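Chemist: final-v9.csv is reproduced below (CSV, C-alpha atoms and all ligand atoms).
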```csv
chain,number,residue,atom,x,y,z
A,510,MET,CA,7.0,-3.1,-21.0
A,511,PRO,CA,6.9,-2.0,-24.7
A,512,ASP,CA,9.9,0.0,-25.8
A,513,THR,CA,8.1,3.3,-26.0
A,514,PRO,CA,9.9,6.7,-25.7
A,515,THR,CA,8.5,7.1,-22.1
A,516,ALA,CA,10.1,3.7,-21.0
A,517,SER,CA,13.1,5.8,-20.2
A,518,ALA,CA,11.4,8.3,-17.9
A,519,PRO,CA,13.9,9.1,-15.1
A,520,VAL,CA,13.8,7.0,-12.0
A,521,ILE,CA,12.9,9.1,-8.9
A,522,ARG,CA,15.8,9.8,-6.5
A,523,GLY,CA,15.7,11.8,-3.2
A,524,ASP,CA,18.7,14.0,-4.1
A,525,GLU,CA,16.9,17.3,-4.9
A,526,PRO,CA,16.5,19.5,-1.8
A,527,GLY,CA,12.9,20.9,-1.6
A,528,SER,CA,11.5,17.9,-3.5
A,529,PHE,CA,8.9,15.6,-2.0
A,530,PRO,CA,11.2,12.5,-2.0
A,531,HIS,CA,14.1,14.5,-0.4
A,532,GLY,CA,11.7,15.6,2.3
A,533,VAL,CA,10.7,12.0,3.0
A,534,LEU,CA,14.3,11.0,3.5
A,535,ALA,CA,15.4,14.1,5.4
A,536,GLU,CA,12.3,14.8,7.5
A,537,ARG,CA,9.8,11.9,7.5
A,538,HIS,CA,12.3,9.2,8.3
A,539,PRO,CA,13.8,11.0,11.3
A,540,ALA,CA,10.3,11.6,12.5
A,541,VAL,CA,9.5,7.9,12.2
A,542,ILE,CA,12.6,7.0,14.1
A,543,ARG,CA,11.6,9.3,17.0
A,544,GLN,CA,8.0,8.0,17.0
A,545,VAL,CA,9.3,4.4,17.2
A,546,GLY,CA,11.7,5.4,20.1
A,547,GLU,CA,8.6,6.7,22.0
A,548,SER,CA,6.4,3.7,21.3
A,549,PHE,CA,8.1,1.2,23.6
A,550,PRO,CA,10.7,1.2,26.5
A,551,TYR,CA,13.5,0.0,24.3
A,552,GLY,CA,16.7,-0.6,26.1
A,553,PRO,CA,20.1,1.1,25.6
A,554,GLU,CA,21.1,-1.2,22.8
A,555,GLN,CA,18.1,-0.5,20.7
A,556,ARG,CA,18.3,3.3,21.5
A,557,ARG,CA,22.0,3.4,20.4
A,558,ALA,CA,21.0,1.7,17.2
A,559,LEU,CA,18.1,4.1,16.6
A,560,ASP,CA,20.4,7.0,17.2
A,561,ALA,CA,22.9,5.6,14.7
A,562,LEU,CA,20.2,5.2,12.1
A,563,LEU,CA,19.1,8.8,12.8
A,564,ALA,CA,22.7,10.0,12.1
A,565,SER,CA,22.9,7.8,9.0
A,566,CYS,CA,19.7,9.4,7.6
A,567,ALA,CA,21.3,12.8,7.8
A,568,ASP,CA,24.6,12.2,6.1
A,569,GLY,CA,25.5,8.5,6.3
A,570,VAL,CA,25.6,5.8,3.7
A,571,ILE,CA,23.8,2.6,3.1
A,572,GLU,CA,25.6,-0.2,4.8
A,573,PRO,CA,25.7,-4.0,4.1
A,574,LEU,CA,23.3,-6.1,6.1
A,575,PRO,CA,24.7,-7.1,9.5
A,576,ALA,CA,26.7,-10.3,9.6
A,577,ASP,CA,24.1,-12.0,11.8
A,578,ALA,CA,21.2,-11.4,9.4
A,579,ASP,CA,19.2,-14.4,8.3
A,580,PRO,CA,21.0,-16.0,5.4
A,581,ARG,CA,17.8,-16.1,3.3
A,582,ASP,CA,17.4,-12.4,3.9
A,583,ARG,CA,21.0,-11.7,3.0
A,584,GLU,CA,20.4,-13.6,-0.3
A,585,ARG,CA,17.2,-11.7,-1.0
A,586,TRP,CA,18.9,-8.3,-0.4
A,587,ALA,CA,21.8,-9.4,-2.5
A,588,ALA,CA,19.4,-10.1,-5.3
A,589,TRP,CA,17.6,-6.8,-4.7
A,590,GLY,CA,20.8,-4.8,-5.2
A,591,ILE,CA,22.4,-4.1,-1.9
A,592,GLY,CA,25.8,-5.0,-3.4
A,593,GLU,CA,25.3,-2.1,-5.9
A,594,TYR,CA,24.0,0.4,-3.3
A,595,ALA,CA,26.0,-0.3,-0.1
A,596,GLY,CA,28.5,2.6,0.5
A,597,ARG,CA,26.3,5.1,-1.3
A,598,SER,CA,24.3,8.0,0.2
A,599,TRP,CA,20.6,7.3,0.9
A,600,TYR,CA,20.0,10.3,-1.4
A,601,ASP,CA,21.8,9.0,-4.4
A,602,VAL,CA,20.1,5.7,-5.0
A,603,PRO,CA,16.5,5.1,-6.3
A,604,TRP,CA,14.1,6.6,-3.8
A,605,LEU,CA,12.0,3.5,-3.7
A,606,TRP,CA,15.0,1.5,-2.8
A,607,ALA,CA,16.2,3.9,-0.1
A,608,GLU,CA,12.8,4.1,1.5
A,609,SER,CA,12.2,0.4,1.5
A,610,HIS,CA,15.6,-0.4,2.9
A,611,PHE,CA,15.2,2.2,5.6
A,612,TYR,CA,12.3,0.2,7.1
A,613,ARG,CA,14.5,-3.0,7.0
A,614,ARG,CA,17.2,-1.1,9.0
A,615,LEU,CA,14.7,0.4,11.4
A,616,LEU,CA,13.5,-3.1,12.3
A,617,ASP,CA,17.1,-4.2,12.8
A,618,ALA,CA,17.6,-1.3,15.2
A,619,VAL,CA,14.8,-2.3,17.5
A,620,GLY,CA,15.7,-6.0,17.4
A,621,TYR,CA,12.7,-7.1,15.4
A,622,PHE,CA,14.7,-9.9,13.6
A,623,GLY,CA,16.1,-11.1,16.9
A,624,PRO,CA,17.2,-13.2,18.6
A,625,GLY,CA,16.2,-11.5,21.8
A,626,PRO,CA,13.1,-10.2,23.6
A,627,TRP,CA,12.1,-7.7,21.0
A,628,GLN,CA,12.0,-10.3,18.2
A,629,GLY,CA,8.8,-10.0,16.3
A,630,VAL,CA,7.5,-7.0,18.2
A,631,ASP,CA,6.0,-4.6,15.7
A,632,PRO,CA,7.2,-1.1,16.6
A,633,PHE,CA,4.2,0.5,14.9
A,634,ARG,CA,1.6,-1.6,16.7
A,635,PRO,CA,0.7,1.0,19.3
A,636,ALA,CA,-0.1,3.5,16.6
A,637,LYS,CA,-2.0,1.0,14.5
A,638,LEU,CA,-4.1,-0.2,17.4
A,639,ALA,CA,-4.9,3.4,18.5
A,640,GLU,CA,-6.3,4.0,15.0
A,641,LEU,CA,-8.3,0.8,15.0
A,642,ASP,CA,-9.8,1.7,18.4
A,643,ALA,CA,-10.5,5.3,17.5
A,644,PRO,CA,-14.1,6.5,17.7
A,645,GLU,CA,-14.0,7.4,13.9
A,646,THR,CA,-13.7,3.6,13.2
A,647,ASP,CA,-16.9,3.1,15.3
A,648,GLU,CA,-18.7,5.7,13.2
A,649,GLU,CA,-17.5,4.2,10.0
A,650,LEU,CA,-18.6,0.7,11.0
A,651,ALA,CA,-22.0,2.0,12.3
A,652,ALA,CA,-22.6,3.7,8.9
A,653,LEU,CA,-22.6,0.2,7.3
A,654,ASP,CA,-26.0,-0.4,8.7
A,655,GLY,CA,-27.4,2.3,6.4
A,656,LEU,CA,-26.1,0.5,3.2
A,657,ASP,CA,-28.9,-2.1,3.4
A,658,ALA,CA,-31.3,0.5,1.9
A,659,LEU,CA,-29.2,0.7,-1.3
A,660,THR,CA,-29.3,-1.4,-4.4
A,661,GLU,CA,-26.5,-4.0,-4.8
A,662,ARG,CA,-24.8,-1.9,-7.4
A,663,GLU,CA,-24.9,1.2,-5.1
A,664,ARG,CA,-23.6,-0.8,-2.2
A,665,THR,CA,-20.8,-2.2,-4.3
A,666,GLY,CA,-19.9,1.3,-5.4
A,667,ALA,CA,-20.0,2.6,-1.8
A,668,LEU,CA,-17.7,-0.1,-0.5
A,669,LEU,CA,-15.3,0.3,-3.5
A,670,HIS,CA,-15.0,4.0,-2.7
A,671,GLY,CA,-14.7,3.2,1.0
A,672,SER,CA,-11.7,1.1,0.2
A,673,LEU,CA,-10.3,3.7,-2.2
A,674,TRP,CA,-10.5,6.7,0.2
A,675,GLY,CA,-9.5,4.4,3.1
A,676,ASN,CA,-6.0,4.8,1.6
A,677,ARG,CA,-5.8,8.3,3.1
A,678,ALA,CA,-5.5,6.6,6.4
A,679,ASP,CA,-1.7,6.2,6.3
A,680,LEU,CA,0.1,6.8,9.5
A,681,GLY,CA,3.5,7.6,7.9
A,682,PHE,CA,1.8,10.1,5.6
A,683,ARG,CA,0.2,11.8,8.6
A,684,LEU,CA,3.6,12.6,10.1
A,685,SER,CA,4.2,15.1,7.2
A,686,ALA,CA,0.8,15.9,5.6
A,687,GLY,CA,0.1,19.4,6.9
A,688,GLY,CA,-2.7,21.2,5.0
A,689,ALA,CA,-3.8,18.1,3.1
A,690,ASP,CA,-7.4,19.1,3.1
A,691,ASP,CA,-7.2,21.7,0.4
A,692,ARG,CA,-8.5,20.2,-2.8
A,693,GLY,CA,-8.5,23.3,-5.0
A,694,GLY,CA,-10.9,23.3,-8.0
A,695,ALA,CA,-10.1,20.0,-9.7
A,696,ALA,CA,-12.1,16.8,-9.4
A,697,ALA,CA,-11.2,14.6,-6.4
A,698,LEU,CA,-11.1,11.5,-8.6
A,699,VAL,CA,-8.5,12.1,-11.4
A,700,ALA,CA,-9.3,8.8,-13.2
A,701,ASP,CA,-12.3,6.6,-12.6
A,702,ASP,CA,-12.3,3.1,-14.2
A,703,GLY,CA,-14.6,1.9,-11.4
A,704,ASP,CA,-17.2,0.5,-13.8
A,705,THR,CA,-14.6,-1.4,-15.8
A,706,LEU,CA,-13.3,-2.9,-12.5
A,707,LEU,CA,-16.8,-4.1,-11.5
A,708,SER,CA,-17.5,-5.4,-15.0
A,709,LEU,CA,-14.6,-7.8,-14.4
A,710,LEU,CA,-16.4,-9.2,-11.3
A,711,PRO,CA,-20.1,-9.5,-12.2
A,712,PRO,CA,-22.5,-10.8,-9.6
A,713,ALA,CA,-23.0,-14.6,-9.7
A,714,ARG,CA,-26.5,-14.1,-11.2
A,715,ASP,CA,-25.1,-12.1,-14.2
A,716,ARG,CA,-22.3,-14.4,-15.0
A,717,THR,CA,-22.6,-16.0,-18.4
A,718,GLY,CA,-20.7,-18.9,-20.0
A,719,ALA,CA,-18.8,-21.6,-18.3
A,720,ARG,CA,-16.4,-19.3,-16.5
A,721,GLY,CA,-14.4,-20.8,-13.6
A,722,PRO,CA,-14.4,-19.5,-10.1
A,723,ALA,CA,-13.6,-15.8,-9.9
A,724,THR,CA,-10.5,-15.0,-7.8
A,725,LEU,CA,-9.6,-11.6,-6.5
A,726,CYS,CA,-6.1,-10.9,-5.5
A,727,LEU,CA,-6.1,-7.8,-3.2
A,728,VAL,CA,-2.7,-6.4,-2.5
A,729,ALA,CA,-3.3,-4.6,0.7
A,730,ASP,CA,-1.7,-1.4,1.8
A,731,ASN,CA,-2.3,0.1,5.3
A,732,ALA,CA,-3.7,-1.6,8.4
A,733,GLY,CA,-6.4,-0.1,10.6
A,734,ARG,CA,-8.8,2.3,8.9
A,735,GLU,CA,-7.7,1.3,5.4
A,736,LEU,CA,-7.7,-2.5,5.9
A,737,VAL,CA,-11.1,-2.4,7.5
A,738,PRO,CA,-12.8,-1.1,4.4
A,739,ASP,CA,-10.7,-3.5,2.3
A,740,LEU,CA,-12.0,-6.4,4.3
A,741,LEU,CA,-15.5,-5.1,4.0
A,742,LEU,CA,-15.2,-4.9,0.2
A,743,VAL,CA,-13.9,-8.5,0.1
A,744,SER,CA,-16.7,-9.7,2.3
A,745,HIS,CA,-19.3,-7.9,0.1
A,746,LEU,CA,-17.9,-9.3,-3.2
A,747,LEU,CA,-18.0,-12.8,-1.7
A,748,ALA,CA,-21.6,-12.3,-0.4
A,749,GLU,CA,-22.8,-11.1,-3.9
A,750,GLY,CA,-21.0,-14.0,-5.6
A,751,ARG,CA,-18.8,-11.4,-7.5
A,752,VAL,CA,-15.8,-13.4,-6.3
A,753,ASP,CA,-15.6,-17.0,-5.2
A,754,ARG,CA,-12.1,-16.7,-3.7
A,755,ALA,CA,-9.9,-13.9,-2.5
A,756,VAL,CA,-6.2,-13.8,-1.7
A,757,LEU,CA,-5.2,-10.9,0.5
A,758,HIS,CA,-1.5,-10.0,0.1
A,759,VAL,CA,0.1,-8.4,3.2
A,760,LYS,CA,3.6,-7.6,4.3
A,761,PRO,CA,5.8,-10.2,5.9
A,762,TYR,CA,7.1,-7.6,8.3
A,763,PRO,CA,6.2,-4.1,9.5
A,764,TYR,CA,6.8,-1.6,6.8
A,765,TYR,CA,6.1,2.0,5.8
A,766,VAL,CA,4.8,2.6,9.4
A,767,SER,CA,1.2,1.4,8.9
A,768,ASP,CA,1.4,-1.3,6.2
A,769,ALA,CA,-0.7,-4.3,7.0
A,770,THR,CA,0.8,-7.6,8.3
A,771,THR,CA,-1.0,-10.8,9.1
A,772,ALA,CA,-1.3,-9.7,12.7
A,773,ASP,CA,-3.0,-6.5,11.6
A,774,VAL,CA,-5.5,-8.6,9.5
A,775,LEU,CA,-6.4,-10.5,12.6
A,776,ASP,CA,-6.8,-7.3,14.7
A,777,ALA,CA,-9.1,-5.8,12.1
A,778,LEU,CA,-11.1,-9.0,11.8
A,779,ARG,CA,-11.6,-9.1,15.6
A,780,ARG,CA,-12.6,-5.5,15.5
A,781,LEU,CA,-15.3,-6.4,12.9
A,782,THR,CA,-16.6,-9.5,14.7
A,783,ALA,CA,-16.9,-7.5,17.9
A,784,ALA,CA,-18.8,-4.6,16.3
A,785,GLY,CA,-22.2,-6.2,15.9
A,786,GLY,CA,-24.7,-5.0,13.3
A,787,ALA,CA,-23.8,-5.2,9.6
A,788,ALA,CA,-20.1,-4.9,10.5
A,789,GLY,CA,-20.3,-7.9,12.7
A,790,ALA,CA,-22.0,-9.9,9.9
A,791,HIS,CA,-19.1,-9.0,7.6
A,792,GLY,CA,-16.6,-10.1,10.2
A,793,ASP,CA,-18.4,-13.4,10.7
A,794,ARG,CA,-18.5,-14.0,7.0
A,795,LEU,CA,-14.8,-13.3,6.6
A,796,TRP,CA,-14.0,-15.5,9.6
A,797,ALA,CA,-15.9,-18.4,8.0
A,798,ALA,CA,-14.2,-17.7,4.6
A,799,LEU,CA,-10.8,-17.8,6.1
A,800,THR,CA,-11.6,-21.0,8.0
A,801,ASP,CA,-12.8,-22.8,4.8
A,802,GLY,CA,-10.1,-21.4,2.6
A,803,ARG,CA,-12.2,-19.1,0.3
A,804,VAL,CA,-10.1,-16.2,1.7
A,805,THR,CA,-6.4,-16.7,2.2
A,806,VAL,CA,-3.7,-14.4,3.5
A,807,ARG,CA,-0.3,-14.3,1.8
A,808,ALA,CA,2.8,-12.6,3.0
A,809,HIS,CA,5.3,-13.0,0.1
A,810,PRO,CA,8.8,-11.7,0.7
A,811,PHE,CA,8.6,-9.6,-2.5
A,812,SER,CA,5.8,-7.6,-0.9
A,813,CYS,CA,8.6,-5.8,1.0
A,814,ALA,CA,11.1,-5.7,-1.9
A,815,PRO,CA,12.6,-2.3,-2.9
A,816,LEU,CA,11.7,-3.0,-6.5
A,817,PRO,CA,9.0,-2.5,-9.0
A,818,TYR,CA,6.5,-5.3,-9.7
A,819,SER,CA,8.0,-5.6,-13.2
A,820,GLU,CA,10.8,-7.5,-11.4
A,821,MET,CA,8.5,-9.8,-9.5
A,822,PRO,CA,9.6,-13.5,-9.1
A,823,ALA,CA,8.0,-16.3,-11.1
A,824,ASP,CA,5.8,-17.7,-8.2
A,825,LEU,CA,4.2,-14.3,-7.6
A,826,ARG,CA,3.7,-13.8,-11.3
A,827,ALA,CA,1.9,-17.1,-11.5
A,828,GLU,CA,-0.4,-16.2,-8.7
A,829,PHE,CA,-1.4,-12.9,-10.2
A,830,ALA,CA,-1.7,-14.6,-13.6
A,831,ALA,CA,-4.3,-17.0,-12.1
A,832,ALA,CA,-6.5,-14.2,-10.7
A,833,THR,CA,-9.6,-12.8,-12.3
A,834,VAL,CA,-8.2,-9.4,-11.4
A,835,THR,CA,-5.5,-8.1,-9.0
A,836,VAL,CA,-6.3,-4.9,-7.2
A,837,LEU,CA,-3.3,-3.0,-5.8
A,838,LYS,CA,-4.0,-0.6,-3.0
A,839,GLY,CA,-2.2,2.6,-2.2
A,840,ASP,CA,0.5,4.9,-3.2
A,841,LEU,CA,3.5,2.7,-2.7
A,842,ASN,CA,1.9,-0.2,-4.6
A,843,TYR,CA,1.1,2.2,-7.4
A,844,ARG,CA,4.8,3.4,-7.6
A,845,ARG,CA,5.8,-0.3,-7.7
A,846,LEU,CA,3.2,-1.1,-10.3
A,847,VAL,CA,3.9,1.6,-12.9
A,848,GLY,CA,7.6,2.1,-12.0
A,849,ASP,CA,8.8,4.9,-9.6
A,850,ARG,CA,9.6,7.3,-12.5
A,851,ARG,CA,8.8,10.8,-13.6
A,852,TRP,CA,6.3,9.7,-16.2
A,853,PRO,CA,4.6,12.3,-18.3
A,854,PRO,CA,1.1,12.2,-16.6
A,855,THR,CA,-0.6,11.3,-19.8
A,856,THR,CA,1.5,8.2,-20.3
A,857,PRO,CA,-1.1,5.4,-20.8
A,858,PHE,CA,-1.7,3.3,-17.7
A,859,ALA,CA,-2.1,0.3,-20.0
A,860,ASP,CA,1.4,0.8,-21.5
A,861,VAL,CA,3.2,0.9,-18.2
A,862,THR,CA,1.3,-2.1,-16.8
A,863,ALA,CA,1.5,-4.2,-20.0
A,864,TYR,CA,4.0,-6.5,-18.3
A,865,PHE,CA,1.5,-7.4,-15.5
A,866,PRO,CA,0.4,-11.1,-15.9
A,867,GLY,CA,-3.3,-10.5,-15.8
A,868,PRO,CA,-6.0,-7.9,-15.4
A,869,VAL,CA,-4.9,-5.3,-12.9
A,870,ALA,CA,-6.4,-2.3,-11.0
A,871,ALA,CA,-5.0,0.4,-8.9
A,872,LEU,CA,-7.0,2.1,-6.1
A,873,ARG,CA,-4.8,4.9,-4.8
A,874,THR,CA,-4.9,8.3,-3.2
A,875,LEU,CA,-2.1,10.4,-4.7
A,876,LYS,CA,0.7,10.8,-2.1
A,877,SER,CA,3.8,10.9,-4.3
A,878,ASP,CA,5.0,12.4,-7.6
A,879,VAL,CA,4.3,9.4,-9.8
A,880,ILE,CA,1.2,9.6,-12.0
A,881,THR,CA,0.2,8.0,-15.3
A,882,GLY,CA,-3.1,7.6,-17.2
A,883,LEU,CA,-4.4,11.2,-17.0
A,884,THR,CA,-6.2,12.8,-19.8
A,885,ALA,CA,-4.7,16.0,-21.1
A,886,GLU,CA,-7.8,17.9,-19.8
A,887,THR,CA,-7.4,16.5,-16.3
A,888,GLU,CA,-3.8,17.3,-16.2
A,889,GLU,CA,-4.5,20.8,-17.3
A,890,ALA,CA,-7.3,21.2,-14.7
A,891,LEU,CA,-5.0,20.0,-11.9
A,892,GLU,CA,-2.2,22.3,-12.9
A,893,ALA,CA,-4.6,25.2,-13.2
A,894,SER,CA,-6.2,24.5,-9.9
A,895,GLY,CA,-3.6,26.4,-7.9
A,896,GLU,CA,-3.2,23.4,-5.7
A,897,GLY,CA,0.6,23.1,-6.0
A,898,ARG,CA,0.7,19.8,-4.1
A,899,TRP,CA,-2.0,17.8,-6.0
A,900,ARG,CA,0.4,14.9,-6.6
A,901,THR,CA,1.4,14.5,-3.0
A,902,SER,CA,-1.3,15.9,-0.7
A,903,GLY,CA,-3.6,12.8,-0.6
A,904,THR,CA,-6.6,14.9,-1.6
A,905,HIS,CA,-7.0,13.3,-5.0
A,906,ALA,CA,-7.5,9.7,-5.9
A,907,LEU,CA,-7.8,7.3,-8.8
A,908,ILE,CA,-9.2,4.0,-9.9
A,909,GLN,CA,-7.3,2.8,-13.0
A,910,VAL,CA,-7.7,-0.6,-14.7
A,911,ARG,CA,-6.0,-2.5,-17.4
A,912,ALA,CA,-8.4,-5.3,-18.2
B,1,LIG,O1,1.4,3.3,0.1
B,1,LIG,P1,0.7,4.4,0.9
B,1,LIG,O2,0.4,4.0,2.3
B,1,LIG,O3,-0.6,4.9,0.2
B,1,LIG,O4,1.6,5.6,0.9
B,1,LIG,C1,2.9,5.5,1.2
B,1,LIG,C2,3.5,6.9,1.3
B,1,LIG,O5,3.0,7.6,2.4
B,1,LIG,O6,4.9,6.6,1.6
B,1,LIG,C3,5.7,7.2,0.6
B,1,LIG,C4,6.4,8.3,1.2
B,1,LIG,O7,7.0,7.7,2.3
B,1,LIG,C5,4.8,7.7,-0.5
B,1,LIG,O8,4.8,6.8,-1.6
B,1,LIG,C6,3.5,7.7,0.0
B,1,LIG,O9,3.2,9.0,0.3
```
Write out the structure in this file as structure tokens.
Ligand SMILES: O=P(O)(O)OC[C@@]1(O)O[C@H](CO)[C@@H](O)[C@@H]1O
Modeler:
Amino acid sequence: MPDTPTASAPVIRGDEPGSFPHGVLAERHPAVIRQVGESFPYGPEQRRALDALLASCADGVIEPLPADADPRDRERWAAWGIGEYAGRSWYDVPWLWAESHFYRRLLDAVGYFGPGPWQGVDPFRPAKLAELDAPETDEELAALDGLDALTERERTGALLHGSLWGNRADLGFRLSAGGADDRGGAAALVADDGDTLLSLLPPARDRTGARGPATLCLVADNAGRELVPDLLLVSHLLAEGRVDRAVLHVKPYPYYVSDATTADVLDALRRLTAAGGAAGAHGDRLWAALTDGRVTVRAHPFSCAPLPYSEMPADLRAEFAAATVTVLKGDLNYRRLVGDRRWPPTTPFADVTAYFPGPVAALRTLKSDVITGLTAETEEALEASGEGRWRTSGTHALIQVRA
């Protein structure tokens, strides 16, 4: 990142009572623990561990990883800073780090990392499946049949916006998003580089020159009702020859309640193939593309790292460098992309993503304080809208691109 004056914007911490990050640590995390405790008939050992984590959230400190943790995991967390943060309050370390580590500890508590009968059991799966099976998902899938009447350009735009607004479907967010429907007077889309994004992926018939195959890296966010429109977008881009290959990055383990794992991709895919109509055709296309390797699923350990992407390892950097464009979905990926800092909102998106090894796009609904790339007029309109929580309520969204 260039050494601009804003490069030193303060890192967000959760130590200010009344702030959004403080509320996540003090209220959302305990609510997540309670929800997990109700999801499965965990035994006394898991319940004791959940209670201990609950107590730790209130006034405990970050602890070293347990002695029986997988050695590779211990190595990773050592590289990700646990030596520096162990012994400190959850509220006194970077918020991004504290939140990410919370999910690692939660999985420990329920025996996810094993050995034992709960090994590999996703504590969020019941909530994810309930969402995938909801009647609203049927309605959204049925609406796809109506897209045939549109031009290709309109269809692409509709599916891009479906993927963007699908990011509101975040189960962790819903635990604390009361009153999120109030949008005040400001525009819903606070930045819209959608045309630039699509210009990076022209349809096959419009491609000029001897360009190689177009590869999309899509860094997914939530499962269920966000992942379904993400998959539909990938399927459409393949069908139109806008992309030849797609790599779908998911989480290697359950994270931030509803973040998508490989198992969630398979659940969503089966939901599509079973749906019939246009949705079923998308499902069949994706199934075939996975089978012949045009679509691959990647679960890189760094996808669950408590760090910004500016610190990504060389192998991931090389993958993103090789993509025609990398699209990062959601709020957390945005925080990790631009840095989880209190940027002045007009800080150019291109400056804070200059380190990224190739063209990069963010599709995100606003669910935390971080924001960059606004015009001064948009910032003023948002501040004047009377909507005090425009940064965090999930009612606004953005498409930002650095080509
Ligand atoms: O990445 P997502 O699913 O869009 O949002 C994740 C999120 O709900 O979690 C964090 C608070 O826990 C915030 O970054 C954001 O509000």
Chemist: Could you state the separation of atom C1 of ligand LIG 1 (chain B) and atom CA of Ser528 of chain A in Å, given to one decimal place?
Modeler: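 Value for the atom C1 of ligand LIG 1 (chain B)-atom CA of Ser528 of chain A distance: 15.8 Å.
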Chemist: Work out how far atom CA of Arg850 of chain A is from atom CA of Arg613 of chain A, in Å to one decimal.
Modeler: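 Distance between the two atoms: 22.6 Å.
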Chemist: Taking only residues of chain A that have an atom at most 7 Å from an atom of ligand LIG 1 (chain B), what is each one's shortest atom pair and its distance in Å to one decimal, using all atoms listed in the file, in chain and number order, as a Markdown table?
Modeler:
```
| residue | atom | partner | partner_atom | distance |
| --- | --- | --- | --- | --- |
| A:Val533 | CA | B:LIG1 | O7 | 5.7 |
| A:Glu608 | CA | B:LIG1 | O7 | 6.9 |
| A:Asn676 | CA | B:LIG1 | O3 | 5.6 |
| A:Arg677 | CA | B:LIG1 | O3 | 6.9 |
| A:Asp679 | CA | B:LIG1 | O2 | 5.0 |
| A:Gly681 | CA | B:LIG1 | O5 | 5.5 |
| A:Phe682 | CA | B:LIG1 | O5 | 4.2 |
| A:Asp730 | CA | B:LIG1 | O2 | 5.8 |
| A:Asn731 | CA | B:LIG1 | O2 | 5.6 |
| A:Tyr765 | CA | B:LIG1 | O6 | 6.3 |
| A:Asp768 | CA | B:LIG1 | O2 | 6.7 |
| A:Gly839 | CA | B:LIG1 | O3 | 3.7 |
| A:Asp840 | CA | B:LIG1 | O3 | 3.6 |
| A:Leu841 | CA | B:LIG1 | O1 | 3.6 |
| A:Asn842 | CA | B:LIG1 | O1 | 5.9 |
| A:Arg844 | CA | B:LIG1 | O8 | 6.9 |
| A:Arg873 | CA | B:LIG1 | O3 | 6.5 |
| A:Thr874 | CA | B:LIG1 | O3 | 6.5 |
| A:Lys876 | CA | B:LIG1 | O9 | 3.9 |
| A:Ser877 | CA | B:LIG1 | O8 | 5.0 |
| A:Thr901 | CA | B:LIG1 | O9 | 6.7 |
```
Chemist: Which value, in Å to one decimal, gives the distance between atom CA of Pro815 of chain A and atom CA of Arg845 of chain A?
Modeler: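 Between atom CA of Pro815 of chain A and atom CA of Arg845 of chain A the gap works out to 8.6 Å.
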Chemist: Within 12 Å of Ala588 of chain A, counting only C-alpha atoms, which residues show up once you throw out same-chain ones fewer than 3 positions away? Write them as a ChimeraX atom specification, please.
Modeler: /A:581-585,591-594,811,814-816,820-822
Chemist: Do you know which residues are at most 10 Å from Val630 of chain A counting only C-alpha atoms, after dropping those on the same chain fewer than 4 positions away, and could you put them as number ranges by chain?
Modeler: A: 549, 616, 619-623, 626, 634, 762-763
Chemist: Write out as a list in words the residues lying within 12 Å of Glu892 of chain A, counting all atoms listed in the file and excluding same-chain residues fewer than 4 positions away.
Modeler: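 Answer for this query is Gly693, Gly694, Ala695, Ala696, Pro854, Ala885, Glu886, Thr887, Glu888, Glu896, Gly897, Arg898, Trp899 and Arg900 of chain A.
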Chemist: Within 12 Å of (12.6, 0.4, 9.6) (coordinates as in the file), grab all the protein and nucleic acid residues, counting all atoms listed in the file, and write them out as an NGL selection string.
Modeler: :A and (538-546 or 558-559 or 562-563 or 566 or 607-622 or 631-633 or 681 or 762-768 or 813)
Chemist: Between A:Ala870, A:Ala561, A:Leu883, A:Ile521, single out the one closest to Leu669 of chain A, counting only C-alpha atoms.
Modeler: A:Ala870
Chemist: When you count all atoms listed in the file, which of these residues is closest to Leu825 of chain A: A:Gly596, A:Gly666, A:Pro810, A:Gly786?
Modeler: A:Pro810
Chemist: Considering all atoms listed in the file, state which residue in the set A:Arg556, A:Arg734, A:Lys760, A:Arg537 is at the smallest distance from Leu673 of chain A.
Modeler: A:Arg734
Chemist: Using only C-alpha atoms, which residue out of A:Val774, A:Val804, A:Leu799, A:Arg779 lies closest to Arg754 of chain A?
Modeler: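 Residue with the minimum atom-to-atom distance to Arg754 of chain A: A:Val804.
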